[in-house]
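Engineer: Provided below: entry_8.cif, containing mmCIF, C-alpha atoms and all ligand atoms; chains and numbers go by the auth columns.
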```cif
data_my_file
#
loop_
_atom_site.group_PDB
_atom_site.id
_atom_site.type_symbol
_atom_site.label_atom_id
_atom_site.label_comp_id
_atom_site.label_asym_id
_atom_site.label_seq_id
_atom_site.Cartn_x
_atom_site.Cartn_y
_atom_site.Cartn_z
_atom_site.B_iso_or_equiv
_atom_site.auth_seq_id
_atom_site.auth_asym_id
ATOM 1 C CA MET A 1 32.366 6.497 -24.726 0.00 221 A
ATOM 2 C CA ALA A 2 32.562 7.887 -21.223 0.00 222 A
ATOM 3 C CA ASP A 3 34.874 10.760 -22.041 0.00 223 A
ATOM 4 C CA THR A 4 32.895 12.116 -24.969 0.00 224 A
ATOM 5 C CA PRO A 5 32.714 15.886 -24.654 0.00 225 A
ATOM 6 C CA ALA A 6 29.438 17.629 -24.079 0.00 226 A
ATOM 7 C CA VAL A 7 27.604 19.317 -26.876 0.00 227 A
ATOM 8 C CA THR A 8 25.859 22.670 -26.997 0.00 228 A
ATOM 9 C CA ALA A 9 22.142 23.056 -27.444 0.00 229 A
ATOM 10 C CA ASP A 10 22.604 23.226 -31.198 0.00 230 A
ATOM 11 C CA SER A 11 24.666 20.024 -31.058 0.00 231 A
ATOM 12 C CA TYR A 12 28.078 21.513 -31.564 0.00 232 A
ATOM 13 C CA CYS A 13 30.937 19.987 -29.633 0.00 233 A
ATOM 14 C CA THR A 14 32.061 22.119 -26.692 0.00 234 A
ATOM 15 C CA ASN A 15 35.624 20.924 -26.710 0.00 235 A
ATOM 16 C CA THR A 16 38.174 23.220 -28.359 0.00 236 A
ATOM 17 C CA ALA A 17 41.334 21.646 -26.992 0.00 237 A
ATOM 18 C CA PRO A 18 43.022 19.416 -29.532 0.00 238 A
ATOM 19 C CA VAL A 19 44.149 15.950 -28.587 0.00 239 A
ATOM 20 C CA PRO A 20 47.888 16.306 -27.995 0.00 240 A
ATOM 21 C CA GLY A 21 50.434 14.653 -30.185 0.00 241 A
ATOM 22 C CA ILE A 22 48.487 14.002 -33.341 0.00 242 A
ATOM 23 C CA VAL A 23 48.504 17.304 -35.148 0.00 243 A
ATOM 24 C CA ARG A 24 48.656 16.669 -38.851 0.00 244 A
ATOM 25 C CA THR A 25 49.807 19.242 -41.358 0.00 245 A
ATOM 26 C CA VAL A 26 48.471 18.916 -44.862 0.00 246 A
ATOM 27 C CA ASN A 27 51.237 18.696 -47.404 0.00 247 A
ATOM 28 C CA ALA A 28 49.655 19.537 -50.715 0.00 248 A
ATOM 29 C CA LYS A 29 52.867 19.963 -52.632 0.00 249 A
ATOM 30 C CA ASN A 30 52.511 16.636 -54.374 0.00 250 A
ATOM 31 C CA THR A 31 48.804 16.759 -54.982 0.00 251 A
ATOM 32 C CA GLY A 32 48.831 19.500 -57.573 0.00 252 A
ATOM 33 C CA PRO A 33 47.309 22.967 -57.721 0.00 253 A
ATOM 34 C CA LYS A 34 43.791 21.694 -57.175 0.00 254 A
ATOM 35 C CA PHE A 35 44.503 21.121 -53.506 0.00 255 A
ATOM 36 C CA PHE A 36 47.044 23.808 -52.976 0.00 256 A
ATOM 37 C CA HIS A 37 44.623 25.869 -50.915 0.00 257 A
ATOM 38 C CA LEU A 38 44.777 23.110 -48.316 0.00 258 A
ATOM 39 C CA HIS A 39 48.529 23.279 -48.037 0.00 259 A
ATOM 40 C CA GLY A 40 49.838 24.040 -44.579 0.00 260 A
ATOM 41 C CA ARG A 41 46.489 23.633 -42.950 0.00 261 A
ATOM 42 C CA ARG A 42 46.666 21.779 -39.685 0.00 262 A
ATOM 43 C CA TYR A 43 44.267 19.216 -38.443 0.00 263 A
ATOM 44 C CA ASP A 44 43.865 17.521 -35.145 0.00 264 A
ATOM 45 C CA ALA A 45 41.368 15.201 -33.628 0.00 265 A
ATOM 46 C CA CYS A 46 38.845 15.944 -30.924 0.00 266 A
ATOM 47 C CA TRP A 47 37.939 13.623 -28.105 0.00 267 A
ATOM 48 C CA CYS A 48 34.572 13.214 -29.776 0.00 268 A
ATOM 49 C CA GLY A 49 36.289 11.420 -32.653 0.00 269 A
ATOM 50 C CA LYS A 50 35.978 14.159 -35.234 0.00 270 A
ATOM 51 C CA GLU A 51 38.952 15.412 -37.188 0.00 271 A
ATOM 52 C CA VAL A 52 38.932 19.194 -37.114 0.00 272 A
ATOM 53 C CA SER A 53 41.091 21.906 -38.581 0.00 273 A
ATOM 54 C CA LEU A 54 42.856 24.174 -36.152 0.00 274 A
ATOM 55 C CA THR A 55 42.490 27.895 -35.757 0.00 275 A
ATOM 56 C CA GLU A 56 45.408 30.289 -35.617 0.00 276 A
ATOM 57 C CA ARG A 57 45.338 29.929 -31.846 0.00 277 A
ATOM 58 C CA ASP A 58 45.628 26.152 -32.001 0.00 278 A
ATOM 59 C CA ASN A 59 42.067 25.652 -30.945 0.00 279 A
ATOM 60 C CA LEU A 60 39.718 23.290 -32.672 0.00 280 A
ATOM 61 C CA ARG A 61 37.244 24.908 -34.983 0.00 281 A
ATOM 62 C CA ARG A 62 33.603 24.656 -34.076 0.00 282 A
ATOM 63 C CA HIS A 63 32.358 21.273 -35.125 0.00 283 A
ATOM 64 C CA LYS A 64 29.706 18.732 -34.510 0.00 284 A
ATOM 65 C CA PRO A 65 30.632 15.358 -33.112 0.00 285 A
ATOM 66 C CA PRO A 66 30.157 12.405 -35.424 0.00 286 A
ATOM 67 C CA GLN A 67 26.648 11.046 -35.404 0.00 287 A
ATOM 68 C CA GLU A 68 26.240 7.470 -34.370 0.00 288 A
HETATM 69 ZN ZN ZN B . 34.621 17.407 -30.657 0.00 1 B
#
```
Transcribe the structure of this file into structure tokens.
Ligand SMILES: [Zn+2]

Structural biologist:
Amino acid sequence: MADTPAVTADSYCTNTAPVPGIVRTVNAKNTGPKFFHLHGRRYDACWCGKEVSLTERDNLRRHKPPQE
């Protein structure tokens, strides 16, 4: 993949900008109380292919790209 983001020295992905248009909000209302802590959490995907939860500022949380 030519557009794979760079990684830091400790192999974390350097990209914090979510891929536009595919934000996913977890709806835990129908999954019962066990997953209620996930409710409202937002996820997006990174260019590296990892699905990452978003911070309050709509940045991707620190993550490592998927290993191949
Ligand atoms: Zn990434």

Engineer: Would you kindly translate the PyMOL selection byres (((not hetatm)) within 9 of (chain B and resi 1)) into the concrete residues it picks from this file, as a ChimeraX atom specification?

Structural biologist: /A:224-227,232-238,265-272,280,282-286

Engineer: How about saving the chosen residues, C-alpha atoms kept, as an mmCIF file, in the frame of the given file?

Structural biologist:
```cif
data_model
loop_
_atom_site.group_PDB
_atom_site.id
_atom_site.type_symbol
_atom_site.label_atom_id
_atom_site.label_comp_id
_atom_site.auth_asym_id
_atom_site.auth_seq_id
_atom_site.Cartn_x
_atom_site.Cartn_y
_atom_site.Cartn_z
ATOM 1 C CA THR A 224 32.895 12.116 -24.969
ATOM 2 C CA PRO A 225 32.714 15.886 -24.654
ATOM 3 C CA ALA A 226 29.438 17.629 -24.079
ATOM 4 C CA VAL A 227 27.604 19.317 -26.876
ATOM 5 C CA TYR A 232 28.078 21.513 -31.564
ATOM 6 C CA CYS A 233 30.937 19.987 -29.633
ATOM 7 C CA THR A 234 32.061 22.119 -26.692
ATOM 8 C CA ASN A 235 35.624 20.924 -26.710
ATOM 9 C CA THR A 236 38.174 23.220 -28.359
ATOM 10 C CA ALA A 237 41.334 21.646 -26.992
ATOM 11 C CA PRO A 238 43.022 19.416 -29.532
ATOM 12 C CA ALA A 265 41.368 15.201 -33.628
ATOM 13 C CA CYS A 266 38.845 15.944 -30.924
ATOM 14 C CA TRP A 267 37.939 13.623 -28.105
ATOM 15 C CA CYS A 268 34.572 13.214 -29.776
ATOM 16 C CA GLY A 269 36.289 11.420 -32.653
ATOM 17 C CA LYS A 270 35.978 14.159 -35.234
ATOM 18 C CA GLU A 271 38.952 15.412 -37.188
ATOM 19 C CA VAL A 272 38.932 19.194 -37.114
ATOM 20 C CA LEU A 280 39.718 23.290 -32.672
ATOM 21 C CA ARG A 282 33.603 24.656 -34.076
ATOM 22 C CA HIS A 283 32.358 21.273 -35.125
ATOM 23 C CA LYS A 284 29.706 18.732 -34.510
ATOM 24 C CA PRO A 285 30.632 15.358 -33.112
ATOM 25 C CA PRO A 286 30.157 12.405 -35.424
#
```

Engineer: Check which residues satisfy the PyMOL selection byres (((chain A and resi 262) around 6) and not hetatm) in the file shown, then give them as a PDB file with C-alpha atoms, in the frame of the given file.

Structural biologist:
```pdb
ATOM      1  CA  ARG A 244      48.656  16.669 -38.851  1.00  0.00           C
ATOM      2  CA  THR A 245      49.807  19.242 -41.358  1.00  0.00           C
ATOM      3  CA  ARG A 261      46.489  23.633 -42.950  1.00  0.00           C
ATOM      4  CA  TYR A 263      44.267  19.216 -38.443  1.00  0.00           C
ATOM      5  CA  SER A 273      41.091  21.906 -38.581  1.00  0.00           C
ATOM      6  CA  LEU A 274      42.856  24.174 -36.152  1.00  0.00           C
TER       7      LEU A 274
END
```

Engineer: To one decimal place in Å, what is the distance between CA of Val246 in chain A and CA of Asp264 in chain A?

Structural biologist: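 Between these atoms lies a distance of 10.8 Å.
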
Engineer: On this structure, which residues satisfy the PyMOL selection byres (((chain A and resi 248) around 12) and not hetatm), written as a list in words?

Structural biologist: Thr245, Val246, Asn247, Lys249, Asn250, Thr251, Gly252, Pro253, Lys254, Phe255, Phe256, His257, Leu258, His259, Gly260, Arg261 and Arg262 of chain A

Engineer: As AutoDock Vina command-line options, please: the centre and edge lengths in Å, to one decimal, of an axis-aligned box enclosing every listed atom of range 266-279 of chain A with 4 Å added on each side.

Structural biologist:
```
--center_x 40.1 --center_y 20.9 --center_z -33.3 --size_x 19.1 --size_y 26.9 --size_z 18.5
```
